[in-house]
$ cat query.txt   # compact mmCIF, C-alpha atoms
# COMPACT_ATOMS: atom_id res chain seq x y z
CA MET A 880 9.58 -9.31 24.74
CA VAL A 881 12.99 -7.81 24.02
CA ARG A 882 12.84 -5.57 20.99
CA PRO A 883 15.78 -5.95 18.63
CA LEU A 884 17.94 -3.07 17.50
CA LEU A 885 16.79 -2.26 14.00
CA PHE A 886 19.71 -0.90 11.98
CA VAL A 887 19.30 -0.77 8.23
CA GLY A 888 21.08 0.82 5.29
CA LEU A 889 19.46 2.56 2.36
CA ALA A 890 20.29 2.21 -1.31
CA TRP A 891 17.23 3.20 -3.30
CA ALA A 892 18.25 3.45 -6.93
CA ALA A 893 14.62 3.53 -8.02
CA CYS A 894 14.15 7.04 -6.64
CA VAL A 895 16.87 8.57 -8.80
CA VAL A 896 15.06 11.14 -10.95
CA MET A 897 16.50 13.04 -13.90
CA GLY A 898 20.07 12.16 -12.95
CA ALA A 899 19.90 13.34 -9.31
CA GLU A 900 21.84 11.13 -6.92
CA PRO A 901 20.34 10.31 -3.52
CA LEU A 902 22.46 10.80 -0.43
CA SER A 903 23.46 7.56 1.27
CA LEU A 904 21.62 7.15 4.56
CA SER A 905 21.32 4.69 7.43
CA TYR A 906 18.27 4.49 9.67
CA GLU A 907 18.40 3.32 13.28
CA LEU A 908 14.68 2.98 13.68
CA ASP A 909 14.60 2.55 17.44
CA GLN A 910 16.98 5.44 18.13
CA PRO A 911 16.47 9.22 17.94
CA PRO A 912 15.20 10.92 15.88
CA HIS A 913 12.81 8.10 14.84
CA GLN A 914 12.24 6.11 18.07
CA TYR A 915 9.97 3.63 16.34
CA TRP A 916 9.22 1.64 19.49
CA GLN A 917 9.04 4.54 21.95
CA ARG A 918 6.72 7.11 20.32
CA PRO A 919 3.04 7.21 21.32
CA LEU A 920 1.01 5.53 18.58
CA GLN A 921 -1.39 7.55 16.42
CA ASP A 922 -2.45 4.86 13.95
CA ARG A 923 -6.14 4.06 13.51
CA PHE A 924 -5.96 0.43 14.64
CA SER A 925 -4.40 1.29 18.01
CA LYS A 926 -7.69 3.01 18.93
CA VAL A 927 -9.77 0.02 17.86
CA ARG A 928 -7.36 -2.34 19.61
CA ALA A 929 -8.24 -0.99 23.05
CA ALA A 930 -11.97 -1.44 22.36
CA LEU A 931 -11.40 -4.95 21.00
CA GLU A 932 -9.35 -6.08 24.00
CA GLY A 933 -11.66 -4.32 26.44
CA GLY A 934 -14.83 -5.84 25.04
CA GLN A 935 -16.39 -2.57 23.84
CA ILE A 936 -16.17 -4.07 20.34
CA ALA A 937 -17.43 -7.66 20.50
CA PRO A 938 -17.32 -9.39 17.10
CA ASP A 939 -19.54 -12.40 16.41
CA ARG A 940 -17.68 -15.53 17.58
CA SER A 941 -19.90 -18.08 15.85
CA SER A 942 -17.26 -18.61 13.13
CA GLU A 943 -13.98 -17.17 11.87
CA LYS A 944 -15.84 -15.68 8.91
CA ALA A 945 -18.43 -13.97 11.10
CA TYR A 946 -15.72 -12.63 13.42
CA LEU A 947 -13.68 -11.37 10.47
CA LEU A 948 -16.66 -9.55 8.96
CA ASP A 949 -17.31 -7.72 12.23
CA VAL A 950 -13.63 -6.74 12.56
CA LEU A 951 -13.64 -5.41 9.00
CA LYS A 952 -16.77 -3.40 9.79
CA ALA A 953 -15.16 -1.93 12.93
CA LEU A 954 -12.13 -0.90 10.87
CA ARG A 955 -14.29 0.49 8.04
CA ILE A 956 -12.72 -1.87 5.51
CA SER A 957 -14.87 -3.15 2.66
CA PRO A 958 -14.93 -6.97 2.35
CA HIS A 959 -14.99 -6.37 -1.42
CA THR A 960 -11.33 -5.33 -1.31
CA GLN A 961 -10.62 -9.03 -0.77
CA MET A 962 -7.60 -10.50 -2.56
CA LEU A 963 -6.47 -14.08 -2.17
CA VAL A 964 -2.78 -15.04 -2.22
CA PHE A 965 -1.43 -18.60 -2.08
CA SER A 966 2.33 -18.00 -2.22
CA THR A 967 4.12 -18.69 1.06
CA THR A 968 5.22 -15.06 1.48
CA SER A 969 3.82 -14.43 4.94
CA LEU A 970 4.55 -14.97 8.60
CA GLN A 971 1.90 -17.75 8.46
CA LEU A 972 3.50 -19.53 5.51
CA SER A 973 2.96 -23.02 6.97
CA LEU A 974 -0.82 -22.59 6.60
CA ILE A 975 -0.91 -21.05 3.13
CA THR A 976 -1.51 -23.20 0.02
CA PRO A 977 -3.60 -22.95 -3.16
CA SER A 978 -6.31 -24.78 -1.20
CA ASN A 979 -6.03 -22.42 1.80
CA PRO A 980 -5.14 -18.97 0.45
CA ARG A 981 -4.50 -15.96 2.63
CA ALA A 982 -6.97 -13.09 2.26
CA ILE A 983 -5.99 -9.40 2.21
CA TYR A 984 -8.36 -6.47 2.87
CA PHE A 985 -7.58 -2.75 3.04
CA ASN A 986 -8.58 0.87 3.22
CA GLU A 987 -6.21 3.79 2.78
CA ASP A 988 -4.65 3.47 6.26
CA ILE A 989 -5.14 -0.17 7.38
CA TYR A 990 -4.25 -3.51 5.76
CA LEU A 991 -5.61 -6.78 7.20
CA GLY A 992 -4.44 -10.31 6.44
CA TYR A 993 -6.37 -13.47 7.32
CA VAL A 994 -5.53 -17.15 6.90
CA PRO A 995 -8.30 -19.68 7.64
CA GLY A 996 -7.25 -21.60 10.73
CA GLY A 997 -4.58 -19.02 11.52
CA LYS A 998 -4.27 -15.50 12.88
CA VAL A 999 -5.32 -11.99 11.90
CA GLU A 1000 -2.47 -9.71 10.79
CA ILE A 1001 -2.72 -5.91 10.70
CA VAL A 1002 -0.57 -3.18 9.16
CA SER A 1003 -1.84 0.18 10.41
CA LEU A 1004 -0.26 3.42 9.22
CA ASP A 1005 1.00 5.90 11.78
CA PRO A 1006 1.61 9.41 10.37
CA ASP A 1007 5.02 9.70 12.07
CA LEU A 1008 6.23 6.10 12.08
CA GLY A 1009 4.73 4.36 9.05
CA GLY A 1010 3.52 0.79 9.39
CA ILE A 1011 2.66 -0.53 12.85
CA PHE A 1012 2.27 -4.30 12.83
CA TYR A 1013 -0.16 -6.33 14.91
CA ILE A 1014 -1.17 -9.98 15.07
CA PHE A 1015 -3.82 -11.82 17.10
CA ASP A 1016 -5.68 -15.12 17.27
CA PHE A 1017 -9.34 -15.60 16.61
CA PRO A 1018 -10.87 -15.98 20.08
CA ARG A 1019 -11.56 -19.64 20.73
CA THR A 1020 -12.60 -19.16 24.36
CA ALA A 1021 -14.68 -16.56 26.20
CA ALA A 1022 -11.56 -14.50 26.90
CA ALA A 1023 -11.00 -11.21 25.09
CA PRO A 1024 -8.46 -11.32 22.26
CA ARG A 1025 -4.89 -10.33 23.06
CA VAL A 1026 -3.38 -8.21 20.32
CA GLU A 1027 0.40 -8.37 19.96
CA ARG A 1028 2.44 -5.58 18.41
CA SER A 1029 4.64 -7.73 16.21
CA THR A 1030 8.41 -7.43 15.93
CA ARG A 1031 8.76 -10.35 13.50
CA CYS A 1032 6.93 -8.56 10.69
CA MET A 1033 9.73 -5.98 10.62
CA ASN A 1034 12.12 -8.56 9.17
CA CYS A 1035 10.42 -8.18 5.78
CA HIS A 1036 8.39 -4.98 6.14
CA SER A 1037 11.39 -2.72 6.86
CA ALA A 1038 13.83 -4.17 4.36
CA ALA A 1039 14.83 -3.44 0.76
CA ASP A 1040 11.33 -3.98 -0.64
CA THR A 1041 10.01 -1.08 1.46
CA GLN A 1042 13.09 1.16 1.16
CA PHE A 1043 14.16 0.09 4.67
CA VAL A 1044 11.30 1.85 6.45
CA PRO A 1045 8.19 0.22 8.00
CA GLY A 1046 5.98 -0.08 4.93
CA VAL A 1047 3.64 -2.21 2.85
CA LEU A 1048 5.01 -5.28 1.11
CA ILE A 1049 3.72 -6.95 -2.06
CA LYS A 1050 5.39 -10.00 -3.59
CA SER A 1051 5.01 -11.47 -7.06
CA VAL A 1052 6.46 -14.99 -7.29
CA VAL A 1053 5.83 -18.28 -9.05
CA PRO A 1054 5.06 -20.81 -6.30
CA GLY A 1055 6.21 -24.38 -6.72
CA PRO A 1056 3.97 -27.40 -6.08
CA SER A 1057 5.32 -27.78 -2.52
CA GLY A 1058 5.08 -24.09 -1.66
CA GLY A 1059 8.52 -22.61 -2.32
CA SER A 1060 9.07 -19.79 -4.82
CA LEU A 1061 10.58 -20.80 -8.15
CA GLU A 1062 10.85 -17.32 -9.61
CA SER A 1063 10.42 -13.79 -8.30
CA PHE A 1064 9.56 -10.54 -10.04
CA ARG A 1065 9.79 -6.77 -9.37
CA GLN A 1066 12.05 -7.11 -6.31
CA GLU A 1067 12.47 -3.91 -4.30
CA GLN A 1068 9.72 -2.18 -6.28
CA THR A 1069 6.13 -1.26 -5.55
CA GLY A 1070 3.68 0.97 -7.31
CA HIS A 1071 1.56 1.65 -10.36
CA GLY A 1072 4.62 1.85 -12.63
CA ILE A 1073 5.35 -1.89 -12.47
CA PRO A 1074 4.44 -3.64 -15.74
CA LEU A 1075 1.29 -5.74 -15.42
CA ASN A 1076 3.12 -8.81 -16.73
CA GLU A 1077 5.36 -8.74 -13.64
CA ARG A 1078 2.52 -8.63 -11.11
CA PHE A 1079 0.09 -11.09 -9.50
CA GLY A 1080 2.47 -14.07 -9.16
CA GLY A 1081 1.15 -16.27 -6.36
CA TRP A 1082 -2.25 -14.52 -6.30
CA TYR A 1083 -5.68 -15.59 -7.39
CA LEU A 1084 -7.13 -13.14 -9.87
CA THR A 1085 -10.78 -12.70 -10.88
CA GLY A 1086 -12.48 -10.14 -13.10
CA GLN A 1087 -9.53 -10.02 -15.47
CA GLY A 1088 -11.26 -8.66 -18.57
CA SER A 1089 -8.72 -8.40 -21.38
CA LEU A 1090 -5.70 -8.91 -19.10
CA THR A 1091 -4.11 -12.21 -20.10
CA ASN A 1092 -0.31 -11.84 -19.87
CA HIS A 1093 0.32 -12.11 -16.13
CA TRP A 1094 1.50 -14.55 -13.45
CA GLY A 1095 -1.72 -14.89 -11.47
CA ASN A 1096 -3.72 -18.13 -11.13
CA LEU A 1097 -0.81 -20.49 -11.62
CA ILE A 1098 1.93 -22.46 -9.95
CA GLY A 1099 5.12 -23.62 -11.61
CA ARG A 1100 7.18 -26.73 -12.00
CA SER A 1101 10.90 -26.64 -12.76
CA SER A 1102 12.55 -29.08 -15.13
CA PRO A 1103 15.70 -29.17 -17.30
CA GLN A 1104 13.51 -27.77 -20.08
CA GLY A 1105 12.57 -24.74 -17.99
CA LEU A 1106 9.55 -23.52 -16.04
CA THR A 1107 6.18 -25.11 -16.76
CA ARG A 1108 3.05 -23.13 -15.88
CA ILE A 1109 0.25 -25.06 -14.18
CA PRO A 1110 -3.09 -23.19 -13.95
CA VAL A 1111 -4.94 -23.05 -10.63
CA GLU A 1112 -8.51 -21.83 -10.96
CA PRO A 1113 -9.94 -19.53 -8.27
CA GLY A 1114 -12.45 -21.46 -6.18
CA LYS A 1115 -11.46 -24.86 -7.60
CA GLN A 1116 -9.17 -26.06 -4.79
CA PHE A 1117 -10.98 -24.21 -2.00
CA ALA A 1118 -14.51 -23.07 -1.22
CA PHE A 1119 -15.15 -19.36 -1.65
CA ALA A 1120 -17.83 -19.76 1.04
CA ARG A 1121 -15.05 -19.78 3.67
CA TYR A 1122 -14.33 -16.15 2.85
CA PRO A 1123 -16.51 -13.03 3.07
CA VAL A 1124 -16.87 -12.72 -0.72
CA ALA A 1125 -16.27 -14.92 -3.77
CA LYS A 1126 -13.69 -12.80 -5.56
CA SER A 1127 -10.10 -11.62 -5.80
CA ASP A 1128 -10.80 -8.80 -8.22
CA LEU A 1129 -8.25 -7.20 -10.55
CA LEU A 1130 -9.32 -3.70 -9.51
CA ALA A 1131 -8.54 -4.47 -5.85
CA HIS A 1132 -5.06 -5.54 -6.93
CA LEU A 1133 -4.54 -2.34 -8.90
CA LEU A 1134 -5.63 -0.22 -5.95
CA LEU A 1135 -3.43 -2.10 -3.48
CA GLU A 1136 -0.39 -1.75 -5.74
CA HIS A 1137 -0.95 1.99 -6.12
CA GLN A 1138 -1.40 2.44 -2.38
CA ALA A 1139 1.69 0.41 -1.48
CA GLY A 1140 3.83 2.48 -3.83
CA PHE A 1141 2.46 5.71 -2.36
CA VAL A 1142 2.84 4.60 1.25
CA ASN A 1143 6.42 3.37 0.90
CA ARG A 1144 7.55 6.54 -0.88
CA ALA A 1145 5.82 8.86 1.60
CA ILE A 1146 7.12 7.01 4.67
CA GLU A 1147 10.66 6.98 3.30
CA ALA A 1148 10.37 10.73 2.65
CA THR A 1149 9.35 11.24 6.29
CA TYR A 1150 12.26 9.22 7.68
CA ARG A 1151 14.75 10.83 5.30
CA THR A 1152 13.61 14.35 6.21
CA ARG A 1153 13.80 13.53 9.92
CA ASN A 1154 17.32 12.18 9.49
CA HIS A 1155 18.51 15.30 7.67
CA LEU A 1156 16.96 17.64 10.24
CA ALA A 1157 18.52 15.70 13.12
CA THR A 1158 21.93 15.78 11.46
CA GLY A 1159 21.72 19.57 11.13
CA ALA A 1160 20.22 20.14 14.60
CA GLY A 1161 16.95 21.30 13.03
CA LYS A 1162 18.47 23.03 10.00
CA LEU A 1163 19.06 21.69 6.50
CA SER A 1164 22.45 21.93 4.86
CA ALA A 1165 22.60 22.79 1.17
CA ALA A 1166 23.24 19.11 0.33
CA HIS A 1167 20.33 17.96 2.47
CA ALA A 1168 18.00 20.58 0.98
CA THR A 1169 18.96 19.42 -2.51
CA ASP A 1170 18.32 15.82 -1.51
CA LEU A 1171 14.86 16.68 -0.18
CA ASP A 1172 14.10 18.57 -3.40
CA ARG A 1173 14.87 15.37 -5.30
CA VAL A 1174 12.68 13.25 -3.03
CA ALA A 1175 9.81 15.76 -3.30
CA ARG A 1176 10.09 15.70 -7.09
CA SER A 1177 9.96 11.91 -7.13
CA LEU A 1178 7.00 11.79 -4.71
CA THR A 1179 5.13 14.41 -6.73
CA ARG A 1180 5.56 12.38 -9.89
CA TYR A 1181 4.05 9.41 -8.10
CA ILE A 1182 1.14 11.40 -6.66
CA LEU A 1183 0.31 12.64 -10.16
CA PHE A 1184 0.66 9.20 -11.80
CA ALA A 1185 3.54 10.28 -14.06
CA ASP A 1186 4.78 6.72 -14.60
CA GLU A 1187 1.52 4.76 -14.38
CA VAL A 1188 1.45 1.80 -16.78
CA ALA A 1189 -1.47 1.70 -19.18
CA LEU A 1190 -4.35 -0.65 -18.54
CA PRO A 1191 -4.81 -3.51 -21.00
CA ALA A 1192 -6.63 -2.85 -24.26
CA GLY A 1193 -10.33 -2.71 -23.50
CA GLY A 1194 -9.74 -1.45 -19.98
CA VAL A 1195 -10.89 -3.00 -16.70
CA ALA A 1196 -14.50 -3.44 -15.61
CA GLY A 1197 -13.87 -3.63 -11.87
CA ASP A 1198 -16.13 -5.34 -9.37
CA ALA A 1199 -19.35 -3.34 -8.96
CA ASP A 1200 -19.52 -3.82 -5.17
CA LEU A 1201 -15.91 -2.73 -4.75
CA LYS A 1202 -16.48 0.40 -6.84
CA ALA A 1203 -19.60 1.28 -4.86
CA ASP A 1204 -17.82 0.89 -1.50
CA PHE A 1205 -14.76 2.79 -2.73
CA ALA A 1206 -16.99 5.72 -3.71
CA LYS A 1207 -18.41 6.00 -0.19
CA ASP A 1208 -15.26 7.85 0.89
CA ARG A 1209 -15.41 10.39 -1.96
CA ARG A 1210 -14.47 13.95 -1.05
CA ALA A 1211 -16.35 15.81 -3.74
CA THR A 1212 -16.21 19.41 -4.92
CA SER A 1213 -19.21 21.67 -5.37
CA THR A 1214 -19.41 20.38 -8.96
CA GLY A 1215 -19.25 16.73 -7.90
CA THR A 1216 -15.68 15.85 -8.95
CA SER A 1217 -13.45 13.68 -6.77
CA LEU A 1218 -10.04 12.01 -6.71
CA ARG A 1219 -11.89 8.68 -6.29
CA ASP A 1220 -13.58 8.86 -9.70
CA PHE A 1221 -12.50 5.89 -11.82
CA ASP A 1222 -11.56 5.95 -15.49
CA LEU A 1223 -10.62 2.25 -16.00
CA ARG A 1224 -10.33 2.56 -19.77
CA THR A 1225 -6.65 3.39 -20.19
CA ARG A 1226 -5.77 4.34 -16.60
CA ILE A 1227 -7.15 3.80 -13.11
CA PHE A 1228 -8.51 7.28 -12.29
CA LYS A 1229 -10.20 10.06 -14.19
CA HIS A 1230 -8.32 12.76 -12.29
CA ARG A 1231 -4.67 11.77 -11.95
CA CYS A 1232 -3.86 12.83 -8.42
CA SER A 1233 -3.80 10.17 -5.72
CA TYR A 1234 -6.60 10.02 -3.15
CA MET A 1235 -3.89 8.77 -0.78
CA ILE A 1236 -2.97 12.41 -0.28
CA TYR A 1237 -5.75 12.44 2.34
CA GLY A 1238 -4.24 9.51 4.26
CA ALA A 1239 -1.89 9.14 7.20
CA ALA A 1240 1.27 8.54 5.18
CA PHE A 1241 1.00 11.89 3.39
CA GLN A 1242 -0.46 13.86 6.29
CA GLY A 1243 2.49 12.76 8.44
CA LEU A 1244 5.10 14.27 6.12
CA PRO A 1245 7.30 16.80 7.94
CA SER A 1246 6.53 20.39 6.95
CA GLU A 1247 9.90 20.70 5.22
CA MET A 1248 8.91 17.88 2.85
CA LYS A 1249 5.23 18.67 2.49
CA ALA A 1250 5.98 22.27 1.49
CA ARG A 1251 8.30 21.03 -1.24
CA VAL A 1252 5.70 18.58 -2.55
CA PHE A 1253 3.00 21.25 -2.64
CA GLN A 1254 5.33 23.59 -4.49
CA ARG A 1255 6.16 20.91 -7.07
CA MET A 1256 2.48 20.02 -7.44
CA SER A 1257 1.56 23.65 -7.98
CA GLN A 1258 4.16 23.90 -10.74
CA ALA A 1259 3.00 20.62 -12.28
CA LEU A 1260 -0.65 21.77 -12.37
CA ASN A 1261 0.13 25.21 -13.76
CA THR A 1262 -1.74 25.71 -17.05
CA THR A 1263 -0.33 29.14 -17.96
CA GLN A 1264 3.32 28.08 -17.65
CA PRO A 1265 3.16 24.32 -18.33
CA ASP A 1266 5.87 22.08 -16.94
CA ALA A 1267 7.14 19.79 -19.71
CA GLU A 1268 7.56 16.98 -17.17
CA TYR A 1269 3.75 16.87 -16.82
CA ALA A 1270 2.79 17.30 -20.45
CA TYR A 1271 0.79 14.04 -20.23
CA LEU A 1272 -1.80 15.93 -18.14
CA PRO A 1273 -4.14 18.01 -20.35
CA ALA A 1274 -5.01 21.50 -19.13
CA VAL A 1275 -8.59 20.56 -18.32
CA GLU A 1276 -7.40 17.74 -16.04
CA LYS A 1277 -4.86 19.98 -14.31
CA THR A 1278 -7.61 22.52 -13.63
CA ALA A 1279 -9.93 19.84 -12.29
CA VAL A 1280 -7.27 18.38 -9.97
CA ARG A 1281 -6.32 21.79 -8.61
CA GLN A 1282 -9.96 22.58 -7.89
CA ILE A 1283 -10.52 19.25 -6.14
CA LEU A 1284 -7.52 19.83 -3.90
CA LYS A 1285 -8.50 23.40 -3.09
CA GLU A 1286 -11.99 22.33 -2.02
CA THR A 1287 -11.24 19.05 -0.25
CA LEU A 1288 -7.67 19.05 1.13
CA GLN A 1289 -6.72 20.86 4.32
CA GLY A 1290 -3.27 22.34 4.76
CA LEU A 1291 -2.65 23.74 1.29
CA PRO A 1292 -0.28 26.72 1.35
CA PRO A 1293 -1.89 30.18 1.17
CA GLY A 1294 -2.54 31.24 -2.41
CA TRP A 1295 -2.20 27.71 -3.72
$ encode --input "query.txt" --output "structure tokens"
Amino acid sequence: MVRPLLFVGLAWAACVVMGAEPLSLSYELDQPPHQYWQRPLQDRFSKVRAALEGGQIAPDRSSEKAYLLDVLKALRISPHTQMLVFSTTSLQLSLITPSNPRAIYFNEDIYLGYVPGGKVEIVSLDPDLGGIFYIFDFPRTAAAPRVERSTRCMNCHSAADTQFVPGVLIKSVVPGPSGGSLESFRQEQTGHGIPLNERFGGWYLTGQGSLTNHWGNLIGRSSPQGLTRIPVEPGKQFAFARYPVAKSDLLAHLLLEHQAGFVNRAIEATYRTRNHLATGAGKLSAAHATDLDRVARSLTRYILFADEVALPAGGVAGDADLKADFAKDRRATSTGTSLRDFDLRTRIFKHRCSYMIYGAAFQGLPSEMKARVFQRMSQALNTTQPDAEYAYLPAVEKTAVRQILKETLQGLPPGW
């Protein structure tokens, strides 16, 4: 397969913070310094891929569902992260309908898509490169599966919606009766700052609680009088039994949105830093240093949930199985606190610092960027000289977050 030249421009107005203007950049992903297609892969799925193709991992072939469950287990992805989407916003759009929704599953570094009767899609995060995209068929013969590293996914996953780097894509649209999108929301944006009433379009949503003003669980019909909403009930047009679990829980959606926003910002910071260093032959000019300061400030705000939208009145219950599986990866302090502790009353987490800081997207940040983020975080969590930008964090929460990071995160600067 001939790999296309991937040349993209960047215009990310959303990352302008406090009046700072981003430098205009262009990324040639398959050229130095990025070399997206040439670098050795370090993502988690690439290690499982060899075992899958070589037969060392042999999922149950008795049904697609059984095979999927074994693949999820091998990737350490909880089936309770399941979300079901019926908008035709996927490479497998011809198979996706309200009666045959696509399922999404994830952990902090791998995202898996599955369409009944179709293929398995993987986005696996590489610390240097961002998203690596794979696709493969369910084995329908005795032969081992052949996993393809996909080029086609890059058409959408390295465009404006992901800041022109290989990232995670979430769409919110109103599907029409025949499958096309009648209306689209939150273009070129991801993350926990997006209003809830602009999310979930084209998705099934269960476990809603008090959340009522959203675009989930419906299709639309256009007329001269405007857009008519037509409800589609989860499990009404399809059998939940075809999928690993009978849910598409609101909490899973909230977690996915937070993760996507984190991943796309961190990956863009990596590519931007690499560009600046290459331009200066390993040194940063004053303009480039200022630009990286701005990016670090923006990323720090995201890590510390500065712009998180409030949960609906009454909060979110969250699926019990999902919460239990999510807690299995807790990195706890000596006093039992963790970045994976939920709040779910007015916000997602009790301690507002993202657990994604342990993942590949953050760990892959160049030292020039990571040092800036740690410096900004240290200032933000300072209780003796409070930073007005982080006044929403009470002193007790700042102290708790700092202690969690000191006890559970490797690579903190000395004296942090």
$ residues_around --input "query.txt" --residues "Val1188 of chain A" --least-positions-apart "4" --cutoff "12 Å" --atoms "all atoms listed in the file" --output "ChimeraX atom specification"
/A:1070-1078,1133,1136-1137,1181,1184,1192,1225-1227
$ atom_distance --input "query.txt" --atom1 "atom CA of Ala1022 of chain A" --atom2 "atom CA of Ala953 of chain A"
19.1 Å
$ atom_distance --input "query.txt" --atom1 "atom CA of Asp1005 of chain A" --atom2 "atom CA of Gln921 of chain A"
5.5 Å
$ closest_atom_pairs --input "query.txt" --of "segment 951-1062 of chain A" --to "segment 1236-1251 of chain A" --cutoff "8 Å" --atoms "all atoms listed in the file" --output "JSON lines"
{"residue": "A:Glu987", "atom": "CA", "partner": "A:Gly1238", "partner_atom": "CA", "distance": 6.2}
{"residue": "A:Asp988", "atom": "CA", "partner": "A:Gly1238", "partner_atom": "CA", "distance": 6.4}
{"residue": "A:Leu1004", "atom": "CA", "partner": "A:Ala1239", "partner_atom": "CA", "distance": 6.3}
{"residue": "A:Asp1005", "atom": "CA", "partner": "A:Ala1239", "partner_atom": "CA", "distance": 6.3}
{"residue": "A:Pro1006", "atom": "CA", "partner": "A:Gly1243", "partner_atom": "CA", "distance": 4.0}
{"residue": "A:Asp1007", "atom": "CA", "partner": "A:Gly1243", "partner_atom": "CA", "distance": 5.4}
{"residue": "A:Gly1009", "atom": "CA", "partner": "A:Ala1240", "partner_atom": "CA", "distance": 6.7}
$ atom_distance --input "query.txt" --atom1 "atom CA of Asn1143 of chain A" --atom2 "atom CA of Val1047 of chain A"
6.5 Å
$ closest_residue --input "query.txt" --among "A:Thr967, A:Asn1096, A:Leu920, A:Lys1229" --to "Leu1272 of chain A" --atoms "all atoms listed in the file"
A:Lys1229
$ closest_residue --input "query.txt" --among "A:Arg1176, A:Arg1219, A:Arg928, A:Lys952" --to "Met1256 of chain A" --atoms "only C-alpha atoms"
A:Arg1176
$ decode --input "query.txt" --residues "segment 1246-1263 of chain A" --atoms "N, CA and C atoms" --output "mmCIF file, in the first residue's frame"
data_model
loop_
_atom_site.group_PDB
_atom_site.id
_atom_site.type_symbol
_atom_site.label_atom_id
_atom_site.label_comp_id
_atom_site.auth_asym_id
_atom_site.auth_seq_id
_atom_site.Cartn_x
_atom_site.Cartn_y
_atom_site.Cartn_z
ATOM 1 N N SER A 1246 10.379 16.775 26.837
ATOM 2 C CA SER A 1246 10.770 17.336 28.132
ATOM 3 C C SER A 1246 10.565 18.840 28.182
ATOM 4 N N GLU A 1247 10.755 19.518 27.057
ATOM 5 C CA GLU A 1247 10.574 20.968 27.028
ATOM 6 C C GLU A 1247 9.137 21.364 27.319
ATOM 7 N N MET A 1248 8.179 20.520 26.928
ATOM 8 C CA MET A 1248 6.767 20.793 27.212
ATOM 9 C C MET A 1248 6.384 20.286 28.593
ATOM 10 N N LYS A 1249 6.824 19.096 28.931
ATOM 11 C CA LYS A 1249 6.430 18.514 30.212
ATOM 12 C C LYS A 1249 6.926 19.371 31.375
ATOM 13 N N ALA A 1250 8.140 19.900 31.260
ATOM 14 C CA ALA A 1250 8.669 20.758 32.324
ATOM 15 C C ALA A 1250 7.805 21.995 32.507
ATOM 16 N N ARG A 1251 7.335 22.549 31.415
ATOM 17 C CA ARG A 1251 6.480 23.736 31.492
ATOM 18 C C ARG A 1251 5.141 23.400 32.155
ATOM 19 N N VAL A 1252 4.583 22.249 31.805
ATOM 20 C CA VAL A 1252 3.305 21.849 32.399
ATOM 21 C C VAL A 1252 3.464 21.624 33.895
ATOM 22 N N PHE A 1253 4.523 20.925 34.290
ATOM 23 C CA PHE A 1253 4.739 20.697 35.723
ATOM 24 C C PHE A 1253 4.932 22.006 36.479
ATOM 25 N N GLN A 1254 5.623 22.951 35.869
ATOM 26 C CA GLN A 1254 5.809 24.245 36.517
ATOM 27 C C GLN A 1254 4.472 24.956 36.703
ATOM 28 N N ARG A 1255 3.638 24.938 35.641
ATOM 29 C CA ARG A 1255 2.330 25.588 35.728
ATOM 30 C C ARG A 1255 1.446 24.873 36.751
ATOM 31 N N MET A 1256 1.510 23.554 36.790
ATOM 32 C CA MET A 1256 0.718 22.805 37.758
ATOM 33 C C MET A 1256 1.149 23.112 39.188
ATOM 34 N N SER A 1257 2.451 23.227 39.395
ATOM 35 C CA SER A 1257 2.944 23.544 40.727
ATOM 36 C C SER A 1257 2.440 24.908 41.180
ATOM 37 N N GLN A 1258 2.436 25.866 40.267
ATOM 38 C CA GLN A 1258 1.908 27.197 40.591
ATOM 39 C C GLN A 1258 0.411 27.134 40.866
ATOM 40 N N ALA A 1259 -0.303 26.357 40.052
ATOM 41 C CA ALA A 1259 -1.756 26.264 40.202
ATOM 42 C C ALA A 1259 -2.150 25.627 41.525
ATOM 43 N N LEU A 1260 -1.328 24.688 42.031
ATOM 44 C CA LEU A 1260 -1.654 23.958 43.254
ATOM 45 C C LEU A 1260 -1.015 24.575 44.499
ATOM 46 N N ASN A 1261 -0.398 25.721 44.334
ATOM 47 C CA ASN A 1261 0.237 26.407 45.455
ATOM 48 C C ASN A 1261 -0.828 26.987 46.380
ATOM 49 N N THR A 1262 -0.795 26.632 47.650
ATOM 50 C CA THR A 1262 -1.800 27.128 48.597
ATOM 51 C C THR A 1262 -1.317 28.336 49.389
ATOM 52 N N THR A 1263 -0.017 28.595 49.400
ATOM 53 C CA THR A 1263 0.490 29.759 50.139
ATOM 54 C C THR A 1263 0.497 31.020 49.276
#
